[in-house]
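Engineer: So here's protein-v3.cif, just mmCIF, C-alpha atoms:
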```cif
data_input
loop_
_atom_site.label_atom_id
_atom_site.label_comp_id
_atom_site.auth_asym_id
_atom_site.auth_seq_id
_atom_site.Cartn_x
_atom_site.Cartn_y
_atom_site.Cartn_z
CA MET A 836 0.00 0.00 0.00
CA LYS A 837 2.82 2.38 0.92
CA LYS A 838 4.60 1.52 -2.32
CA ARG A 839 1.44 2.24 -4.28
CA ILE A 840 1.06 5.68 -2.67
CA LEU A 841 4.72 6.47 -3.34
CA ASP A 842 4.34 5.32 -6.96
CA SER A 843 1.24 7.54 -7.32
CA PHE A 844 3.16 10.54 -5.98
CA ALA A 845 6.07 9.79 -8.30
CA VAL A 846 3.77 9.55 -11.32
CA ALA A 847 1.98 12.73 -10.30
CA PHE A 848 5.32 14.52 -9.87
CA VAL A 849 6.58 13.37 -13.29
CA VAL A 850 3.29 14.36 -15.00
CA SER A 851 3.37 17.71 -13.25
CA ALA A 852 6.99 18.29 -14.26
CA LEU A 853 6.26 17.34 -17.88
CA ALA A 854 3.21 19.61 -17.97
CA THR A 855 5.26 22.50 -16.57
CA CYS A 856 8.00 21.92 -19.17
CA ALA A 857 5.45 21.71 -21.98
CA LEU A 858 3.77 24.91 -20.79
CA ALA A 859 7.10 26.73 -20.54
CA ALA A 860 8.13 25.51 -23.99
CA SER A 861 4.88 26.67 -25.55
CA ALA A 862 4.96 30.04 -23.72
CA SER A 863 8.44 31.08 -24.82
CA PRO A 864 7.76 31.05 -28.59
CA LEU A 865 4.70 33.23 -27.98
CA LYS A 866 6.80 35.80 -26.15
CA TRP A 867 9.37 35.61 -28.93
CA GLN A 868 6.70 36.06 -31.62
CA GLU A 869 4.76 38.85 -29.88
CA PRO A 870 6.79 41.78 -31.31
CA LYS A 871 6.73 40.14 -34.73
CA MET A 872 2.95 39.68 -34.50
CA GLN A 873 2.54 43.30 -33.43
CA GLN A 874 4.62 44.46 -36.42
CA GLU A 875 2.33 42.46 -38.70
CA VAL A 876 -0.74 44.04 -37.08
CA VAL A 877 0.78 47.53 -37.54
CA ARG A 878 1.49 46.79 -41.20
CA GLU A 879 -2.00 45.37 -41.76
CA VAL A 880 -3.72 48.32 -40.02
CA ARG A 881 -1.86 50.75 -42.27
CA HIS A 882 -2.76 48.70 -45.34
CA GLN A 883 -6.45 48.52 -44.40
CA LEU A 884 -6.66 52.27 -43.77
CA VAL A 885 -4.91 53.24 -47.00
CA MET A 886 -7.19 50.89 -48.96
CA LEU A 887 -10.42 52.52 -47.74
CA PRO A 888 -12.29 53.65 -50.86
CA TYR A 889 -13.13 57.19 -49.72
CA TYR A 890 -9.85 57.98 -47.92
CA SER A 891 -8.49 61.08 -49.63
CA VAL A 892 -6.04 63.93 -49.41
CA PHE A 893 -8.57 65.80 -47.24
CA ASP A 894 -8.61 63.10 -44.54
CA ASN A 895 -5.98 62.18 -41.96
CA LEU A 896 -6.06 58.79 -40.29
CA SER A 897 -3.45 57.80 -37.73
CA TYR A 898 -3.31 54.90 -35.30
CA ARG A 899 -1.48 53.31 -32.39
CA VAL A 900 -1.26 49.61 -31.66
CA GLU A 901 -1.11 48.67 -27.99
CA GLY A 902 -1.03 44.89 -27.76
CA ASP A 903 -4.31 43.67 -29.23
CA LYS A 904 -5.93 47.14 -29.07
CA VAL A 905 -5.83 49.68 -31.93
CA ILE A 906 -6.50 53.35 -31.27
CA LEU A 907 -7.65 55.32 -34.32
CA GLU A 908 -7.17 59.09 -34.44
CA GLY A 909 -7.29 61.87 -37.00
CA GLN A 910 -9.87 63.83 -38.94
CA VAL A 911 -12.20 62.86 -41.78
CA VAL A 912 -14.65 64.73 -43.97
CA ARG A 913 -17.23 61.90 -44.26
CA PRO A 914 -18.77 60.23 -41.19
CA THR A 915 -18.90 56.94 -43.10
CA LEU A 916 -15.11 56.95 -43.39
CA LYS A 917 -14.85 56.94 -39.60
CA SER A 918 -17.06 53.86 -39.29
CA ASP A 919 -15.44 52.18 -42.32
CA ALA A 920 -11.99 52.62 -40.75
CA GLU A 921 -13.17 51.04 -37.50
CA ALA A 922 -14.80 48.11 -39.31
CA ALA A 923 -11.71 47.49 -41.44
CA VAL A 924 -9.41 47.45 -38.42
CA LYS A 925 -11.76 45.21 -36.39
CA SER A 926 -11.53 42.58 -39.13
CA ILE A 927 -7.75 42.18 -38.69
CA GLY A 928 -6.64 39.00 -36.97
CA GLY A 929 -5.08 39.69 -33.58
CA VAL A 930 -7.11 42.87 -32.99
CA THR A 931 -9.67 42.43 -30.22
CA MET A 932 -10.53 46.06 -29.47
CA VAL A 933 -10.70 49.29 -31.50
CA VAL A 934 -10.94 52.71 -29.88
CA ASN A 935 -12.22 55.12 -32.54
CA ASN A 936 -11.18 58.71 -31.69
CA VAL A 937 -11.45 59.93 -35.28
CA GLU A 938 -13.00 63.40 -35.53
CA VAL A 939 -15.60 64.04 -38.21
CA LEU A 940 -15.02 67.56 -39.55
CA PRO A 941 -18.05 69.88 -39.59
CA VAL A 942 -19.95 70.33 -42.84
CA SER A 943 -18.99 73.71 -44.30
CA PRO A 944 -19.14 74.96 -47.89
CA MET A 945 -16.46 77.54 -47.01
CA ASP A 946 -14.12 74.80 -45.76
CA ASP A 947 -14.83 72.77 -48.92
CA GLN A 948 -13.77 75.76 -51.06
CA LEU A 949 -10.62 76.20 -48.97
CA ARG A 950 -9.75 72.51 -49.34
CA ARG A 951 -9.87 72.78 -53.12
CA ALA A 952 -7.96 76.08 -53.15
CA VAL A 953 -5.20 74.78 -50.85
CA TYR A 954 -4.97 71.59 -52.93
CA ARG A 955 -4.45 73.64 -56.10
CA ALA A 956 -1.93 75.88 -54.36
CA ILE A 957 0.16 72.96 -53.08
CA TYR A 958 -0.11 70.46 -55.90
CA GLY A 959 -0.80 72.76 -58.85
CA GLU A 960 2.59 74.42 -59.25
CA SER A 961 6.10 73.10 -59.69
CA GLY A 962 8.00 71.60 -56.79
CA LEU A 963 5.31 69.60 -54.99
CA PRO A 964 3.16 67.78 -57.61
CA ARG A 965 5.24 64.61 -57.20
CA TYR A 966 3.61 64.15 -53.79
CA ALA A 967 0.20 63.82 -55.50
CA GLU A 968 1.26 60.89 -57.70
CA SER A 969 0.31 58.09 -55.30
CA ALA A 970 -3.23 56.84 -54.73
CA VAL A 971 -3.30 58.73 -51.43
CA PRO A 972 -1.06 61.82 -51.67
CA SER A 973 1.50 62.14 -48.92
CA ILE A 974 0.53 65.72 -47.99
CA HIS A 975 -2.91 65.71 -46.37
CA ILE A 976 -4.88 68.96 -46.18
CA ILE A 977 -7.18 69.20 -43.16
CA VAL A 978 -9.46 72.25 -43.03
CA LYS A 979 -11.60 73.04 -40.01
CA ASN A 980 -13.37 76.38 -39.60
CA GLY A 981 -10.96 78.15 -41.97
CA ASN A 982 -7.84 76.78 -40.31
CA VAL A 983 -5.56 74.50 -42.32
CA THR A 984 -3.41 71.69 -40.94
CA LEU A 985 -0.89 69.95 -43.17
CA GLU A 986 -0.21 66.33 -42.23
CA GLY A 987 2.03 63.75 -43.85
CA VAL A 988 5.58 63.19 -45.01
CA VAL A 989 7.83 65.13 -47.38
CA ASP A 990 11.40 64.58 -48.57
CA SER A 991 13.04 67.78 -47.34
CA GLU A 992 12.78 70.85 -45.15
CA ALA A 993 12.46 72.92 -48.34
CA ASP A 994 9.36 70.97 -49.43
CA LYS A 995 7.86 71.35 -45.95
CA SER A 996 8.41 75.12 -46.06
CA LEU A 997 7.12 75.41 -49.63
CA ALA A 998 3.88 73.60 -48.73
CA ASN A 999 3.44 75.89 -45.72
CA ILE A 1000 4.03 79.04 -47.78
CA ARG A 1001 1.61 77.98 -50.50
CA ALA A 1002 -1.13 77.06 -48.03
CA SER A 1003 -0.64 80.36 -46.18
CA GLN A 1004 -1.08 82.37 -49.39
CA VAL A 1005 -4.59 81.03 -50.09
CA PRO A 1006 -7.19 83.76 -49.49
CA ASN A 1007 -9.57 83.26 -46.53
CA VAL A 1008 -7.25 80.87 -44.68
CA PHE A 1009 -7.15 81.96 -41.03
CA GLY A 1010 -4.03 80.01 -40.10
CA VAL A 1011 -1.81 77.12 -41.13
CA ARG A 1012 -0.37 74.48 -38.81
CA ASN A 1013 2.42 72.58 -40.52
CA ASN A 1014 2.68 69.05 -39.05
CA LEU A 1015 4.57 67.66 -42.03
CA THR A 1016 7.47 65.41 -41.14
CA ILE A 1017 10.63 64.87 -43.14
CA ALA A 1018 11.30 61.34 -44.35
CA SER A 1019 14.44 59.86 -42.87
CA ASN A 1020 17.34 59.23 -45.17
CA GLY A 1021 17.81 55.69 -43.91
CA LYS A 1022 19.42 56.90 -40.69
#
```
What does the file become when written as C-alpha cells?
Structural biologist:
Amino acid sequence: MKKRILDSFAVAFVVSALATCALAASASPLKWQEPKMQQEVVREVRHQLVMLPYYSVFDNLSYRVEGDKVILEGQVVRPTLKSDAEAAVKSIGGVTMVVNNVEVLPVSPMDDQLRRAVYRAIYGESGLPRYAESAVPSIHIIVKNGNVTLEGVVDSEADKSLANIRASQVPNVFGVRNNLTIASNGK
C-alpha cells in the first residue's frame, strides 16, 4: 500500500513536471513572436486604412497599436469613413478592441472651397506635384473652420516650407499648422 502511494506521488510529480516543461516551452515562442505579430498588425492596419475607398487627401487617419488594441485618431470629412476605418481594423486577426477617436469635420461649404484652393496651391505648381502621384497623396490637407493643418511626409525641409508658404497664401485661410514630417534618409 505504501509503495502504491509512493508510486502515485512519483507519477503525479513526473506528470506535473512534464506539464510545466510543456507549458514553458509553448509560452516562450509566444513571447518571442509577440513583437513580430505586433509588427504584422501595424502593417496590416496601415494597409487597411490606405485601402479605404473614400480615404483622400482631405482626410488624416493615424493609429497606435497597444497589444491587441488599436487606437484610431485623426480627422475625416465623411462620417462613413470613420465607421469604415473602425470596421476594417476590427476585421484584422489579432485585434480584439478598437478605440475610434477619429473626428468628423463639420460640414462647411467655405471649408470645402478652402480645401480645393489649398490643394491647387500645393499640388498645382512646380515643386510639390510629385507628392500627389500616389493613390493617397503624402501631404494631407485638413481644413476646419478656416484653419488649415498639413499632415504627412515630405522629402526635405524645403518641401515642408514650400507647402506651408503655399497654403498660407490662399485667401480666406485663417491660419496654417504645418505638421509635415521629413522622411528619414535611412538613418
Engineer: Any chance you could work out the residue set of the PyMOL selection byres ((chain A and resi 985) around 7) here, as a PDB file with C-alpha atoms, in the coordinates of the input?
Structural biologist:
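File produced: selection25.pdb:
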```pdb
ATOM      1  CA  ILE A 974       0.530  65.720 -47.990  1.00  0.00           C
ATOM      2  CA  HIS A 975      -2.910  65.710 -46.370  1.00  0.00           C
ATOM      3  CA  ILE A 976      -4.880  68.960 -46.180  1.00  0.00           C
ATOM      4  CA  ILE A 977      -7.180  69.200 -43.160  1.00  0.00           C
ATOM      5  CA  VAL A 983      -5.560  74.500 -42.320  1.00  0.00           C
ATOM      6  CA  THR A 984      -3.410  71.690 -40.940  1.00  0.00           C
ATOM      7  CA  GLU A 986      -0.210  66.330 -42.230  1.00  0.00           C
ATOM      8  CA  GLY A 987       2.030  63.750 -43.850  1.00  0.00           C
ATOM      9  CA  ARG A1012      -0.370  74.480 -38.810  1.00  0.00           C
ATOM     10  CA  ASN A1013       2.420  72.580 -40.520  1.00  0.00           C
ATOM     11  CA  ASN A1014       2.680  69.050 -39.050  1.00  0.00           C
ATOM     12  CA  LEU A1015       4.570  67.660 -42.030  1.00  0.00           C
TER      13      LEU A1015
END
```
Engineer: Using only C-alpha atoms - which residues lie no farther than 8 Å from the point (-10.2, 61.5, -30.5) in the file's frame? Write them as a PDB file with C-alpha atoms, keeping the file's coordinate frame.
Structural biologist:
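Done, and the output landed in point.pdb:
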```pdb
ATOM      1  CA  LEU A 907      -7.650  55.320 -34.320  1.00  0.00           C
ATOM      2  CA  GLU A 908      -7.170  59.090 -34.440  1.00  0.00           C
ATOM      3  CA  GLY A 909      -7.290  61.870 -37.000  1.00  0.00           C
ATOM      4  CA  ASN A 935     -12.220  55.120 -32.540  1.00  0.00           C
ATOM      5  CA  ASN A 936     -11.180  58.710 -31.690  1.00  0.00           C
ATOM      6  CA  VAL A 937     -11.450  59.930 -35.280  1.00  0.00           C
ATOM      7  CA  GLU A 938     -13.000  63.400 -35.530  1.00  0.00           C
TER       8      GLU A 938
END
```
Engineer: Name the closest residue to A:Ile906 among the candidates A:Pro964, A:Leu887, A:Ser926, A:Val933; distances are taken between atoms, counting all atoms listed in the file.
Structural biologist: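 The answer is A:Val933, which sits nearest to A:Ile906.
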Engineer: Please list as a PyMOL selection string every residue within 10 Å of A:Gln910, counting all atoms listed in the file and excluding residues in the same chain fewer than 2 positions away.
Structural biologist: chain A and resi 893-897+907-908+912-914+916-917+936-940+977-979
Engineer: Please return, as a ChimeraX atom specification, all polymer residues that have at least one atom within 9 Å of the point (-2.0, 60.7, -50.0); use all atoms listed in the file and the file's own coordinate frame.
Structural biologist: /A:885,890-894,966-975,987
Engineer: Could you jot down the atom CA of A:Val953 to atom CA of A:Thr1016 separation for me, Å, one decimal place?
Structural biologist: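 Between these atoms lies a distance of 18.5 Å.
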Engineer: Nearest to A:Ile957 among A:Met945, A:Met932, A:Ala998, A:Val876, with distances taken over all atoms listed in the file: which residue is it?
Structural biologist: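 Once distances to A:Ile957 are computed over all atoms listed in the file, the minimum belongs to A:Ala998.
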Engineer: For the PyMOL selection byres ((chain A and resi 900) around 12), applied here, can you spell out every residue it catches as an MDAnalysis selection string?
Structural biologist: chainID A and resid 870 872:881 897:899 901:908 924 929:934
Engineer: May I ask for the distance between atom CA of A:Ile927 and atom CA of A:Ala1018, given in Å to one decimal place?
Structural biologist: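 Result for atom CA of A:Ile927 versus atom CA of A:Ala1018: 27.6 Å, one decimal.
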Engineer: Could you pull the residues within 12 Å of A:Leu963, counting all atoms listed in the file, minus those fewer than 2 positions along the same chain, as a PyMOL selection string?
Structural biologist: chain A and resi 954-961+965-968+972-974+988-991+993-1001
Engineer: Quick check, in Å to one decimal: how far apart do atom CA of A:Ala922 and atom CA of A:Val942 lie?
Structural biologist: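 So the answer is 23.1 Å.
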Engineer: Rank A:Val911, A:Ala923, A:Ile1017, A:Ala1002 by their smallest atom-to-atom distance to A:Arg951, using all atoms listed in the file, and report the top residue only.
Structural biologist: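 That would be A:Ala1002, the residue with the smallest distance to A:Arg951.
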Engineer: Pick the closest to A:Ser943 from A:His882, A:Gly962, A:Gly981, A:Glu921: which is it, counting all atoms listed in the file?
Structural biologist: A:Gly981
Engineer: Using all atoms listed in the file, which of the listed residues (A:Ser1003, A:Met886, A:Gly928, A:Phe1009) sits closest to A:Asp946?
Structural biologist: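 Checking each candidate against A:Asp946, we get A:Phe1009 as the closest.
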